[in-house]
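**Student:** Have a peek at entry-v9.txt (compact mmCIF, C-alpha atoms).
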```
# COMPACT_ATOMS: atom_id res chain seq x y z
CA MET A 494 202.78 86.79 260.54
CA THR A 495 204.32 87.85 263.80
CA ILE A 496 203.81 89.57 267.08
CA ALA A 497 206.67 92.01 267.54
CA VAL A 498 206.86 94.35 270.52
CA SER A 499 209.08 97.39 270.96
CA ILE A 500 209.48 99.10 274.33
CA ILE A 501 211.56 102.25 274.69
CA THR A 502 212.91 103.29 278.08
CA ASN A 503 215.28 106.14 278.85
CA SER A 504 218.31 103.93 278.39
CA ALA A 505 217.20 100.89 276.40
CA VAL A 506 215.03 99.44 273.69
CA VAL A 507 213.54 96.00 274.16
CA PHE A 508 212.38 93.94 271.19
CA ALA A 509 210.36 90.75 271.70
CA ALA A 510 209.02 88.50 268.95
CA ASP A 511 207.40 85.11 268.61
CA SER A 512 208.93 82.29 266.55
CA LYS A 513 206.28 81.56 263.92
CA LEU A 514 207.55 82.59 260.53
CA THR A 515 205.25 82.76 257.53
CA THR A 516 206.73 83.01 254.09
CA ARG A 517 205.02 82.93 250.72
CA GLY A 518 206.87 80.66 248.38
CA LEU A 519 206.66 81.10 244.63
CA VAL A 520 205.82 77.60 243.41
CA GLY A 521 205.38 78.36 239.69
CA PHE A 522 203.12 80.03 237.16
CA ASP A 523 199.69 78.94 235.95
CA ASN A 524 198.73 78.57 232.27
CA ALA A 525 197.91 82.28 232.07
CA GLY A 526 201.39 83.13 233.35
CA LYS A 527 200.07 84.21 236.74
CA PRO A 528 202.46 83.51 239.63
CA GLN A 529 201.29 80.95 242.16
CA PHE A 530 202.21 81.21 245.83
CA LEU A 531 201.83 78.91 248.79
CA ASN A 532 202.17 79.91 252.42
CA GLN A 533 204.75 78.12 254.50
CA THR A 534 205.21 78.48 258.25
CA TYR A 535 207.91 77.47 260.73
CA ASP A 536 207.66 77.61 264.53
CA ASN A 537 211.36 77.95 265.28
CA ALA A 538 212.24 81.08 263.41
CA THR A 539 214.35 83.84 264.87
CA LYS A 540 213.08 87.25 263.86
CA ILE A 541 215.44 89.53 265.75
CA ALA A 542 219.02 90.21 264.74
CA ARG A 543 221.81 92.63 265.64
CA SER A 544 223.82 94.46 263.04
CA SER A 545 227.41 93.46 262.39
CA LEU A 546 228.77 96.54 264.18
CA GLY A 547 226.66 95.82 267.26
CA ASN A 548 225.11 99.29 267.39
CA ALA A 549 221.69 98.41 265.96
CA MET A 550 219.14 95.62 266.08
CA GLY A 551 216.11 94.81 263.97
CA VAL A 552 212.95 92.72 264.22
CA VAL A 553 210.86 91.65 261.23
CA ALA A 554 207.11 91.21 260.87
CA GLY A 555 205.10 90.12 257.85
CA GLY A 556 207.02 88.48 255.03
CA GLY A 557 210.30 87.22 256.46
CA ALA A 558 212.32 87.68 253.28
CA ILE A 559 213.53 90.75 251.48
CA GLY A 560 213.97 89.49 247.94
CA PRO A 561 216.27 86.47 247.94
CA THR A 562 217.46 86.72 251.54
CA SER A 563 215.89 86.67 255.00
CA VAL A 564 215.58 90.02 256.73
CA THR A 565 217.40 88.81 259.84
CA ASP A 566 220.33 87.56 257.76
CA TYR A 567 220.38 90.88 255.95
CA ILE A 568 220.46 92.88 259.19
CA ALA A 569 223.07 90.61 260.76
CA ALA A 570 225.32 91.07 257.73
CA SER A 571 224.77 94.84 257.58
CA SER A 572 226.79 97.57 259.16
CA ILE A 573 224.78 100.61 260.11
CA PRO A 574 227.49 103.23 260.68
CA LEU A 575 226.73 106.18 262.91
CA PRO A 576 226.69 109.52 261.08
CA GLU A 577 228.67 112.39 262.53
CA LYS A 578 225.60 114.54 263.12
CA PRO A 579 222.41 113.30 264.82
CA GLU A 580 220.24 115.12 262.26
CA GLU A 581 221.75 112.95 259.53
CA HIS A 582 220.51 109.81 261.23
CA ALA A 583 217.07 109.76 259.61
CA GLY A 584 218.60 110.18 256.16
CA GLN A 585 220.94 107.31 256.79
CA ILE A 586 218.14 104.99 257.86
CA GLN A 587 216.23 106.06 254.74
CA LYS A 588 219.22 105.09 252.57
CA PHE A 589 219.49 101.76 254.38
CA ALA A 590 215.80 101.09 253.70
CA GLU A 591 216.14 102.10 250.05
CA THR A 592 218.96 99.60 249.57
CA MET A 593 216.74 96.87 251.02
CA ALA A 594 213.83 97.97 248.86
CA LYS A 595 215.98 97.79 245.73
CA LEU A 596 217.03 94.26 246.59
CA ARG A 597 213.36 93.36 247.01
CA ALA A 598 212.29 95.10 243.81
CA ASP A 599 215.07 93.60 241.69
CA TYR A 600 214.17 90.12 242.91
CA TRP A 601 210.43 90.31 242.19
CA LYS A 602 210.83 92.24 238.94
CA GLY A 603 213.30 89.60 237.80
CA LEU A 604 210.59 87.02 238.31
CA ASN A 605 208.01 89.20 236.50
CA VAL A 606 205.79 89.24 239.57
CA PRO A 607 203.44 92.25 239.63
CA LEU A 608 203.94 94.76 242.46
CA GLU A 609 200.61 93.97 244.14
CA GLU A 610 201.78 90.37 244.60
CA TRP A 611 205.03 91.24 246.38
CA PRO A 612 204.91 90.15 250.05
CA ALA A 613 204.83 93.10 252.46
CA THR A 614 207.47 93.29 255.16
CA ALA A 615 207.76 95.55 258.19
CA VAL A 616 211.01 96.04 260.09
CA MET A 617 211.57 97.81 263.38
CA LEU A 618 215.15 98.99 263.72
CA ALA A 619 216.67 100.27 266.96
CA THR A 620 219.84 102.31 266.73
CA ALA A 621 222.30 103.54 269.33
CA PRO A 622 221.99 107.21 270.30
CA PHE A 623 224.43 110.05 269.68
CA ASN A 624 223.99 112.69 272.32
CA SER A 625 221.68 111.03 274.82
CA THR A 626 221.22 107.66 276.42
CA THR A 627 217.91 106.98 274.68
CA PRO A 628 218.16 104.78 271.59
CA ARG A 629 215.97 105.58 268.57
CA VAL A 630 213.55 103.20 266.88
CA TRP A 631 212.58 103.30 263.22
CA HIS A 632 209.73 101.68 261.34
CA LEU A 633 210.59 100.50 257.83
CA LEU A 634 207.63 99.37 255.73
CA PHE A 635 208.18 97.53 252.46
CA ALA A 636 204.71 97.37 250.95
CA ALA A 637 205.07 99.49 247.80
CA GLU A 638 208.15 99.61 245.55
CA TYR A 639 209.72 102.34 247.69
CA PRO A 640 210.01 102.02 251.45
CA LYS A 641 208.13 104.11 254.00
CA VAL A 642 210.38 105.09 256.90
CA GLN A 643 209.37 106.85 260.07
CA GLU A 644 210.65 107.14 263.60
CA ILE A 645 208.64 105.36 266.28
CA GLU A 646 208.16 107.69 269.22
CA THR A 647 205.40 105.72 270.94
CA ARG A 648 207.06 104.00 273.86
CA ILE A 649 205.18 100.73 273.52
CA TYR A 650 204.70 99.80 269.89
CA LEU A 651 203.28 96.63 268.37
CA GLU A 652 203.78 95.25 264.86
CA GLY A 653 202.48 92.23 262.98
CA SER A 654 199.33 90.55 264.27
CA TYR A 655 198.64 92.31 267.54
CA ASP A 656 194.93 92.99 268.05
CA GLY A 657 194.82 90.93 271.29
CA ALA A 658 197.74 92.75 272.92
CA TYR A 659 196.53 96.08 271.53
CA SER A 660 193.09 95.71 273.08
CA LEU A 661 194.68 95.23 276.51
CA LEU A 662 196.75 98.39 276.15
CA TYR A 663 194.19 100.63 274.47
CA GLY A 664 190.99 99.21 275.92
CA TYR A 665 189.20 98.36 272.68
CA ARG A 666 189.36 96.15 269.63
CA SER A 667 189.20 97.85 266.28
CA ASP A 668 186.55 95.49 264.88
CA VAL A 669 184.26 96.37 267.79
CA MET A 670 184.95 100.10 267.33
CA ASP A 671 184.36 99.86 263.59
CA ALA A 672 180.99 98.22 264.24
CA LEU A 673 180.15 100.94 266.74
CA ALA A 674 181.10 103.63 264.21
CA ALA A 675 178.80 102.08 261.64
CA ASP A 676 175.93 101.66 264.08
CA LEU A 677 176.03 105.06 265.83
CA LYS A 678 174.05 107.54 263.76
CA VAL A 679 173.21 111.21 263.76
CA GLY A 680 169.86 111.21 262.01
CA GLU A 681 170.31 108.66 259.25
CA THR A 682 174.06 109.19 258.85
CA ALA A 683 176.60 106.96 260.59
CA VAL A 684 179.11 108.97 262.63
CA GLY A 685 181.88 107.01 260.91
CA GLU A 686 185.27 105.69 261.93
CA GLU A 687 187.15 109.00 261.73
CA ALA A 688 184.93 110.62 264.37
CA VAL A 689 185.07 107.58 266.66
CA TYR A 690 188.85 107.21 266.49
CA LYS A 691 189.35 110.96 266.92
CA SER A 692 187.23 110.76 270.04
CA LEU A 693 189.21 107.76 271.31
CA ASN A 694 192.49 109.59 270.76
CA GLY A 695 191.29 112.54 272.81
CA ALA A 696 189.50 110.47 275.44
CA LYS A 697 189.47 112.01 278.90
CA VAL A 698 189.74 108.62 280.51
CA LEU A 699 193.21 107.19 280.98
CA ARG A 700 193.66 103.92 279.13
CA PRO A 701 196.26 101.42 280.37
CA ILE A 702 198.80 102.58 277.78
CA ASP A 703 198.41 106.16 279.03
CA LYS A 704 199.39 105.06 282.51
CA ILE A 705 202.33 102.77 281.80
CA ALA A 706 205.46 104.87 282.31
CA THR A 707 208.25 103.12 280.44
CA ARG A 708 210.76 106.00 280.60
CA VAL A 709 211.94 105.03 284.06
CA MET A 710 211.10 101.34 283.81
CA PRO A 711 214.06 99.08 284.68
CA VAL A 712 215.29 96.96 281.79
CA GLN A 713 214.18 93.72 283.46
CA ASP A 714 210.62 95.00 283.85
CA ALA A 715 210.57 96.24 280.25
CA ILE A 716 211.64 92.77 279.15
CA ASP A 717 208.89 91.21 281.28
CA LEU A 718 206.30 93.57 279.80
CA ALA A 719 207.39 92.89 276.22
CA VAL A 720 207.24 89.12 276.74
CA PHE A 721 203.88 89.43 278.51
CA LEU A 722 202.37 91.34 275.57
CA ALA A 723 203.80 88.94 272.98
CA THR A 724 202.65 85.90 274.98
CA THR A 725 199.18 87.40 275.39
CA GLN A 726 198.83 87.71 271.62
CA VAL A 727 200.10 84.17 271.05
CA GLN A 728 197.70 82.71 273.62
CA MET A 729 194.70 84.70 272.35
CA GLU A 730 195.33 83.31 268.88
CA ARG A 731 195.72 79.86 270.37
CA PHE A 732 192.32 79.93 272.04
CA LEU A 733 190.38 81.76 269.32
CA PRO A 734 189.06 79.91 266.26
CA GLY A 735 191.07 80.17 263.07
CA ASP A 736 194.68 79.57 262.11
CA ALA A 737 197.14 81.12 264.53
CA VAL A 738 199.62 83.40 262.82
CA CYS A 739 201.77 83.86 265.93
CA GLY A 740 203.32 81.12 268.01
CA GLY A 741 206.39 79.40 269.38
CA PRO A 742 208.82 80.73 271.97
CA ILE A 743 209.33 84.45 272.53
CA ASP A 744 212.82 85.76 271.81
CA VAL A 745 214.12 89.01 273.27
CA MET A 746 216.90 91.39 272.31
CA VAL A 747 217.85 94.52 274.22
CA LEU A 748 219.86 97.52 273.06
CA LYS A 749 220.94 99.24 276.26
CA THR A 750 223.13 102.26 276.73
CA ALA A 751 223.77 102.39 280.46
CA PRO A 752 226.03 101.75 282.26
CA LYS A 753 227.64 100.80 278.93
CA GLN A 754 226.32 100.34 275.42
CA GLU A 755 225.66 96.71 274.59
CA ILE A 756 223.17 94.42 272.92
CA LEU A 757 221.77 91.56 275.01
CA TRP A 758 220.38 88.46 273.29
CA LEU A 759 217.86 86.51 275.35
CA PRO A 760 216.54 83.69 273.17
CA GLY A 761 213.38 81.84 274.15
CA LYS A 762 214.62 78.65 272.50
CA GLU A 763 217.74 76.58 272.05
CA VAL A 764 218.93 74.65 269.02
CA ARG A 765 218.91 70.97 269.94
CA HIS A 766 219.45 67.69 268.19
CA PRO A 767 215.94 66.33 267.41
CA ILE A 768 216.69 62.79 268.65
CA THR A 769 219.19 63.10 271.47
CA GLY A 770 218.00 66.47 272.71
CA LYS A 771 221.62 67.53 273.05
CA LEU A 772 222.43 71.18 272.69
CA LEU A 773 224.30 71.93 269.50
CA MET B 762 194.14 91.95 258.57
CA LYS B 763 195.99 94.59 256.56
CA ALA B 764 193.20 97.18 256.77
CA LEU B 765 192.74 96.47 260.47
CA ASN B 766 196.43 96.98 261.18
CA GLU B 767 196.60 100.23 259.23
CA ARG B 768 193.96 101.74 261.51
CA LEU B 769 195.65 100.44 264.65
CA GLN B 770 199.05 101.56 263.43
CA LYS B 771 197.77 105.13 262.99
CA MET B 772 196.37 105.05 266.51
CA GLN B 773 199.70 103.80 267.84
CA GLU B 774 201.55 106.57 266.04
CA ALA B 775 199.14 109.13 267.48
CA GLN B 776 199.73 107.76 270.98
CA ALA B 777 203.08 109.57 271.35
CA ALA B 778 201.35 112.93 270.79
CA ARG B 779 198.52 111.95 273.14
CA GLN B 780 201.02 111.06 275.84
CA ASP B 781 202.63 114.50 275.49
CA ALA B 782 199.21 116.19 275.53
CA LEU B 783 198.27 114.35 278.73
CA GLN B 784 201.50 115.27 280.45
CA GLU B 785 201.29 118.91 279.39
CA GLY B 786 197.66 119.18 280.50
CA ARG B 787 196.26 119.81 277.03
CA ILE B 788 193.91 116.88 277.59
CA ARG B 789 192.32 117.17 281.03
CA VAL B 790 191.27 113.94 282.74
CA GLU B 791 189.48 112.89 285.89
CA PRO B 792 191.84 111.84 288.71
CA PRO B 793 192.76 108.22 287.99
CA LYS B 794 190.96 105.63 290.10
CA PRO B 795 192.95 102.89 291.82
CA GLU B 796 193.39 99.89 289.51
CA LYS B 797 193.20 97.23 292.18
CA THR B 798 190.23 97.49 294.54
CA GLU B 799 188.62 95.05 296.86
CA PRO B 800 184.83 94.97 296.60
CA ALA B 801 183.15 96.14 299.77
CA ALA B 802 182.24 93.39 302.24
CA GLU B 803 178.56 94.12 301.67
CA ASP B 804 178.96 93.64 297.89
CA ARG B 805 180.88 90.41 298.39
CA GLN B 806 178.13 89.11 300.66
CA LYS B 807 175.43 89.98 298.09
CA LYS B 808 177.39 88.19 295.38
CA THR B 809 177.84 85.09 297.52
CA SER B 810 174.23 84.90 298.57
CA SER B 811 172.74 85.46 295.10
```
Transcribe the structure of this file into structure tokens.
**Tutor:**
Amino acid sequence: MTIAVSIITNSAVVFAADSKLTTRGLVGFDNAGKPQFLNQTYDNATKIARSSLGNAMGVVAGGGAIGPTSVTDYIAASSIPLPEKPEEHAGQIQKFAETMAKLRADYWKGLNVPLEEWPATAVMLATAPFNSTTPRVWHLLFAAEYPKVQEIETRIYLEGSYDGAYSLLYGYRSDVMDALAADLKVGETAVGEEAVYKSLNGAKVLRPIDKIATRVMPVQDAIDLAVFLATTQVQMERFLPGDAVCGGPIDVMVLKTAPKQEILWLPGKEVRHPITGKLL
Amino acid sequence: MKALNERLQKMQEAQAARQDALQEGRIRVEPPKPEKTEPAAEDRQKKTSS
């Protein structure tokens, strides 16, 4: 699992992600022919990559592989050309996602693994703008055979395992709210989650996320906020009981458009020799 | 974890519309209170002495 943070300002997108990578390895089939998986984690993974043309970047959460290849390798090797018309952008991202989904489907079908056993993967993809300085961010979900693609318009968006960071921004944890929804009753009937979440969404009190104005936030402060949120999630998982699914250093990548378009890579770790400590 | 995230993801997606509604005045709120406040001296004293 992962904590991945996306922050959109008027002229940049900041992605931050931890370094714990969880993959599910196919280790064989049991006597009934059922596939057997084991989880494997690494604490030095890099989950953010820029596209080969340098006009897009992606961050992965959930399963780190898309079929036989890692998502970051796939993005780094991909060119995401800009269409001539802005309105064609969504269609192009959809096609990009469908190509990834086919790679994933061909791989698992080739191994005769049933669909419900395929690892789910979420990708956030930031792309350079056409007629403004604000980049666009897309959410690509590979859970079913076909991908679900939608544009992320929320300026601070979390993906992966993020309940700790979410509760800071929104002012509640979903498990607490779910319990409240089950316990609050009108007569003998529980008010239910839908009513509680509808009420939360229309709340007349300003939650922290309502007050954080990222549009005008300088890039440095957006980077600081993204790292703060990712670190908060990592540390909450560290101090709470149970296996942490986030961890390791926080890497950052920025797609900025002003004063010139460029992608900045700000890694939280360096590759070193394990004995001498020398930088490679 | 999956079910939990689906709920939170929907709330995150709805946040963009909520932000617009707040800025356009379609959701009316009380004037925001200052985030950082010092407790009154009297309150501090009560806390210390209790």
**Student:** How close does each residue of range 600-716 of chain A get to range 742-748 of chain A, giving the shortest atom pair and distance in Å to one decimal for every residue with an atom at most 8 Å away, counting only C-alpha atoms, sorted by chain and residue number, as a tab-separated table?
**Tutor:**
```
residue	atom	partner	partner_atom	distance
A:Ala619	CA	A:Leu748	CA	7.4
A:Thr620	CA	A:Leu748	CA	7.9
A:Ala621	CA	A:Leu748	CA	7.5
A:Pro628	CA	A:Leu748	CA	7.6
A:Ile716	CA	A:Val745	CA	7.4
```
**Student:** Counting all atoms listed in the file, which residues from chain B have an atom at most 12 Å from any atom of chain A, and could you show them as number ranges by chain?
**Tutor:** B: 762-784, 786-796
**Student:** Please report the interatomic distance between CA of Lys578 in chain A and CA of Ser499 in chain A in Å with one decimal.
**Tutor:**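 CA of Lys578 in chain A sits 25.1 Å away from CA of Ser499 in chain A.
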**Student:** Excluding Ser544 in chain A and its own-chain neighbours fewer than 6 positions away, which residues fall within 8 Å of it when counting only C-alpha atoms? Please give them as a list in words.
**Tutor:**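 The contact residues come out as Met550, Gly551, Ile568, Ala569, Ala570, Ser571, Ser572 and Ile573 of chain A.
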**Student:** Extract, using all atoms listed in the file, all DNA, RNA and protein residues at most 8 Å from Ala719 in chain A, discarding same-chain residues fewer than 5 positions from it, and format them as number ranges by chain.
**Tutor:** A: 498-500, 507-509
**Student:** Which polymer residues, protein or nucleic acid, are no farther than 9 Å from (212.3, 105.0, 258.6), counting all atoms listed in the file, as a ChimeraX atom specification?
**Tutor:** /A:583-584,586-587,589-590,617-618,630-634,640-645
**Student:** Considering only C-alpha atoms, return as a list in words whatever protein or nucleic-acid residues lie within 10 Å of Gly740 in chain A, sequence-local ones (same chain, fewer than 6 positions apart) excluded.
**Tutor:**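 Returned residues: Met494, Thr495, Ile496, Ala510, Asp511, Ser512, Lys513, Leu514, Tyr535, Asp536, Asn537, Ala723, Thr724, Gln726, Val727, Gln728, Glu730 and Arg731 of chain A.
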**Student:** Between A:Val616, A:Gly560, A:Gly657, A:Leu575, which residue has the minimum interatomic distance to Thr516 in chain A, considering all atoms listed in the file?
**Tutor:**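 Of A:Val616, A:Gly560, A:Gly657, A:Leu575, the one nearest Thr516 in chain A is A:Gly560, counting all atoms listed in the file.
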**Student:** Between CA of Gly518 in chain A and CA of Glu638 in chain A, measure the distance and give it in Å to one decimal.
**Tutor:**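 Going from CA of Gly518 in chain A over to CA of Glu638 in chain A covers 19.2 Å.
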**Student:** In Å, rounded to a single decimal, give me how far CA of Thr707 in chain A is from CA of Thr502 in chain A.
**Tutor:**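 So the two atoms, CA of Thr502 in chain A and CA of Thr707 in chain A, lie 5.2 Å apart.
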**Student:** As a PDB file, keeping the file's coordinate frame, could you write out range 754-765 of chain A once it has been completed with all heavy atoms?
**Tutor:**
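Contents of result.pdb, freshly written:
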```pdb
ATOM      1  N   GLN A 754     227.141 100.730 276.569  1.00  0.00           N
ATOM      2  CA  GLN A 754     226.320 100.340 275.420  1.00  0.00           C
ATOM      3  C   GLN A 754     226.587  98.886 275.058  1.00  0.00           C
ATOM      4  O   GLN A 754     227.736  98.479 274.872  1.00  0.00           O
ATOM      5  CB  GLN A 754     226.641 101.237 274.228  1.00  0.00           C
ATOM      6  CG  GLN A 754     225.710 100.948 273.047  1.00  0.00           C
ATOM      7  CD  GLN A 754     226.128 101.689 271.801  1.00  0.00           C
ATOM      8  OE1 GLN A 754     226.267 102.900 271.837  1.00  0.00           O
ATOM      9  NE2 GLN A 754     226.336 100.960 270.721  1.00  0.00           N
ATOM     10  N   GLU A 755     225.520  98.110 274.981  1.00  0.00           N
ATOM     11  CA  GLU A 755     225.660  96.710 274.590  1.00  0.00           C
ATOM     12  C   GLU A 755     224.324  96.179 274.103  1.00  0.00           C
ATOM     13  O   GLU A 755     223.267  96.762 274.366  1.00  0.00           O
ATOM     14  CB  GLU A 755     226.171  95.855 275.759  1.00  0.00           C
ATOM     15  CG  GLU A 755     225.272  95.875 276.981  1.00  0.00           C
ATOM     16  CD  GLU A 755     225.875  95.111 278.145  1.00  0.00           C
ATOM     17  OE1 GLU A 755     226.663  94.194 277.931  1.00  0.00           O
ATOM     18  OE2 GLU A 755     225.540  95.455 279.298  1.00  0.00           O
ATOM     19  N   ILE A 756     224.384  95.088 273.360  1.00  0.00           N
ATOM     20  CA  ILE A 756     223.170  94.420 272.920  1.00  0.00           C
ATOM     21  C   ILE A 756     223.099  93.068 273.626  1.00  0.00           C
ATOM     22  O   ILE A 756     224.057  92.289 273.581  1.00  0.00           O
ATOM     23  CB  ILE A 756     223.139  94.255 271.395  1.00  0.00           C
ATOM     24  CG1 ILE A 756     222.902  95.621 270.730  1.00  0.00           C
ATOM     25  CG2 ILE A 756     222.047  93.268 270.969  1.00  0.00           C
ATOM     26  CD1 ILE A 756     222.803  95.598 269.231  1.00  0.00           C
ATOM     27  N   LEU A 757     221.969  92.816 274.292  1.00  0.00           N
ATOM     28  CA  LEU A 757     221.770  91.560 275.010  1.00  0.00           C
ATOM     29  C   LEU A 757     220.841  90.673 274.187  1.00  0.00           C
ATOM     30  O   LEU A 757     219.787  91.129 273.730  1.00  0.00           O
ATOM     31  CB  LEU A 757     221.139  91.811 276.378  1.00  0.00           C
ATOM     32  CG  LEU A 757     221.802  92.854 277.274  1.00  0.00           C
ATOM     33  CD1 LEU A 757     221.000  93.030 278.559  1.00  0.00           C
ATOM     34  CD2 LEU A 757     223.231  92.437 277.599  1.00  0.00           C
ATOM     35  N   TRP A 758     221.207  89.428 274.022  1.00  0.00           N
ATOM     36  CA  TRP A 758     220.380  88.460 273.290  1.00  0.00           C
ATOM     37  C   TRP A 758     219.836  87.449 274.271  1.00  0.00           C
ATOM     38  O   TRP A 758     220.593  86.738 274.921  1.00  0.00           O
ATOM     39  CB  TRP A 758     221.233  87.804 272.196  1.00  0.00           C
ATOM     40  CG  TRP A 758     220.600  86.671 271.457  1.00  0.00           C
ATOM     41  CD1 TRP A 758     221.162  85.451 271.213  1.00  0.00           C
ATOM     42  CD2 TRP A 758     219.304  86.626 270.833  1.00  0.00           C
ATOM     43  NE1 TRP A 758     220.299  84.668 270.482  1.00  0.00           N
ATOM     44  CE2 TRP A 758     219.146  85.351 270.234  1.00  0.00           C
ATOM     45  CE3 TRP A 758     218.245  87.537 270.729  1.00  0.00           C
ATOM     46  CZ2 TRP A 758     217.985  84.972 269.547  1.00  0.00           C
ATOM     47  CZ3 TRP A 758     217.094  87.162 270.044  1.00  0.00           C
ATOM     48  CH2 TRP A 758     216.981  85.899 269.452  1.00  0.00           C
ATOM     49  N   LEU A 759     218.515  87.402 274.398  1.00  0.00           N
ATOM     50  CA  LEU A 759     217.860  86.510 275.350  1.00  0.00           C
ATOM     51  C   LEU A 759     216.894  85.612 274.576  1.00  0.00           C
ATOM     52  O   LEU A 759     215.691  85.881 274.498  1.00  0.00           O
ATOM     53  CB  LEU A 759     217.100  87.333 276.395  1.00  0.00           C
ATOM     54  CG  LEU A 759     217.938  88.412 277.107  1.00  0.00           C
ATOM     55  CD1 LEU A 759     217.048  89.394 277.832  1.00  0.00           C
ATOM     56  CD2 LEU A 759     218.910  87.778 278.070  1.00  0.00           C
ATOM     57  N   PRO A 760     217.404  84.541 273.997  1.00  0.00           N
ATOM     58  CA  PRO A 760     216.540  83.690 273.170  1.00  0.00           C
ATOM     59  C   PRO A 760     215.560  82.883 274.017  1.00  0.00           C
ATOM     60  O   PRO A 760     215.885  82.488 275.129  1.00  0.00           O
ATOM     61  CB  PRO A 760     217.536  82.767 272.447  1.00  0.00           C
ATOM     62  CG  PRO A 760     218.731  82.721 273.336  1.00  0.00           C
ATOM     63  CD  PRO A 760     218.797  84.053 274.039  1.00  0.00           C
ATOM     64  N   GLY A 761     214.384  82.656 273.450  1.00  0.00           N
ATOM     65  CA  GLY A 761     213.380  81.840 274.150  1.00  0.00           C
ATOM     66  C   GLY A 761     213.509  80.373 273.806  1.00  0.00           C
ATOM     67  O   GLY A 761     212.756  79.541 274.301  1.00  0.00           O
ATOM     68  N   LYS A 762     214.456  80.048 272.942  1.00  0.00           N
ATOM     69  CA  LYS A 762     214.620  78.650 272.500  1.00  0.00           C
ATOM     70  C   LYS A 762     216.098  78.337 272.328  1.00  0.00           C
ATOM     71  O   LYS A 762     216.929  79.235 272.229  1.00  0.00           O
ATOM     72  CB  LYS A 762     213.884  78.450 271.171  1.00  0.00           C
ATOM     73  CG  LYS A 762     214.272  79.455 270.091  1.00  0.00           C
ATOM     74  CD  LYS A 762     213.371  79.333 268.891  1.00  0.00           C
ATOM     75  CE  LYS A 762     213.670  80.368 267.832  1.00  0.00           C
ATOM     76  NZ  LYS A 762     213.137  81.702 268.127  1.00  0.00           N
ATOM     77  N   GLU A 763     216.373  77.031 272.283  1.00  0.00           N
ATOM     78  CA  GLU A 763     217.740  76.580 272.050  1.00  0.00           C
ATOM     79  C   GLU A 763     217.732  75.642 270.864  1.00  0.00           C
ATOM     80  O   GLU A 763     216.734  74.950 270.617  1.00  0.00           O
ATOM     81  CB  GLU A 763     218.276  75.828 273.279  1.00  0.00           C
ATOM     82  CG  GLU A 763     218.455  76.703 274.515  1.00  0.00           C
ATOM     83  CD  GLU A 763     218.751  75.876 275.755  1.00  0.00           C
ATOM     84  OE1 GLU A 763     218.153  74.785 275.887  1.00  0.00           O
ATOM     85  OE2 GLU A 763     219.558  76.314 276.571  1.00  0.00           O
ATOM     86  N   VAL A 764     218.815  75.592 270.139  1.00  0.00           N
ATOM     87  CA  VAL A 764     218.930  74.650 269.020  1.00  0.00           C
ATOM     88  C   VAL A 764     219.404  73.319 269.577  1.00  0.00           C
ATOM     89  O   VAL A 764     220.452  73.236 270.216  1.00  0.00           O
ATOM     90  CB  VAL A 764     219.918  75.184 267.970  1.00  0.00           C
ATOM     91  CG1 VAL A 764     220.022  74.210 266.808  1.00  0.00           C
ATOM     92  CG2 VAL A 764     219.466  76.553 267.472  1.00  0.00           C
ATOM     93  N   ARG A 765     218.595  72.291 269.385  1.00  0.00           N
ATOM     94  CA  ARG A 765     218.910  70.970 269.940  1.00  0.00           C
ATOM     95  C   ARG A 765     218.865  69.917 268.855  1.00  0.00           C
ATOM     96  O   ARG A 765     218.164  70.067 267.856  1.00  0.00           O
ATOM     97  CB  ARG A 765     217.877  70.583 271.015  1.00  0.00           C
ATOM     98  CG  ARG A 765     217.967  71.396 272.285  1.00  0.00           C
ATOM     99  CD  ARG A 765     216.845  71.014 273.248  1.00  0.00           C
ATOM    100  NE  ARG A 765     216.986  71.739 274.506  1.00  0.00           N
ATOM    101  CZ  ARG A 765     217.717  71.316 275.529  1.00  0.00           C
ATOM    102  NH1 ARG A 765     218.367  70.172 275.448  1.00  0.00           N
ATOM    103  NH2 ARG A 765     217.801  72.024 276.632  1.00  0.00           N
TER     104      ARG A 765
END
```
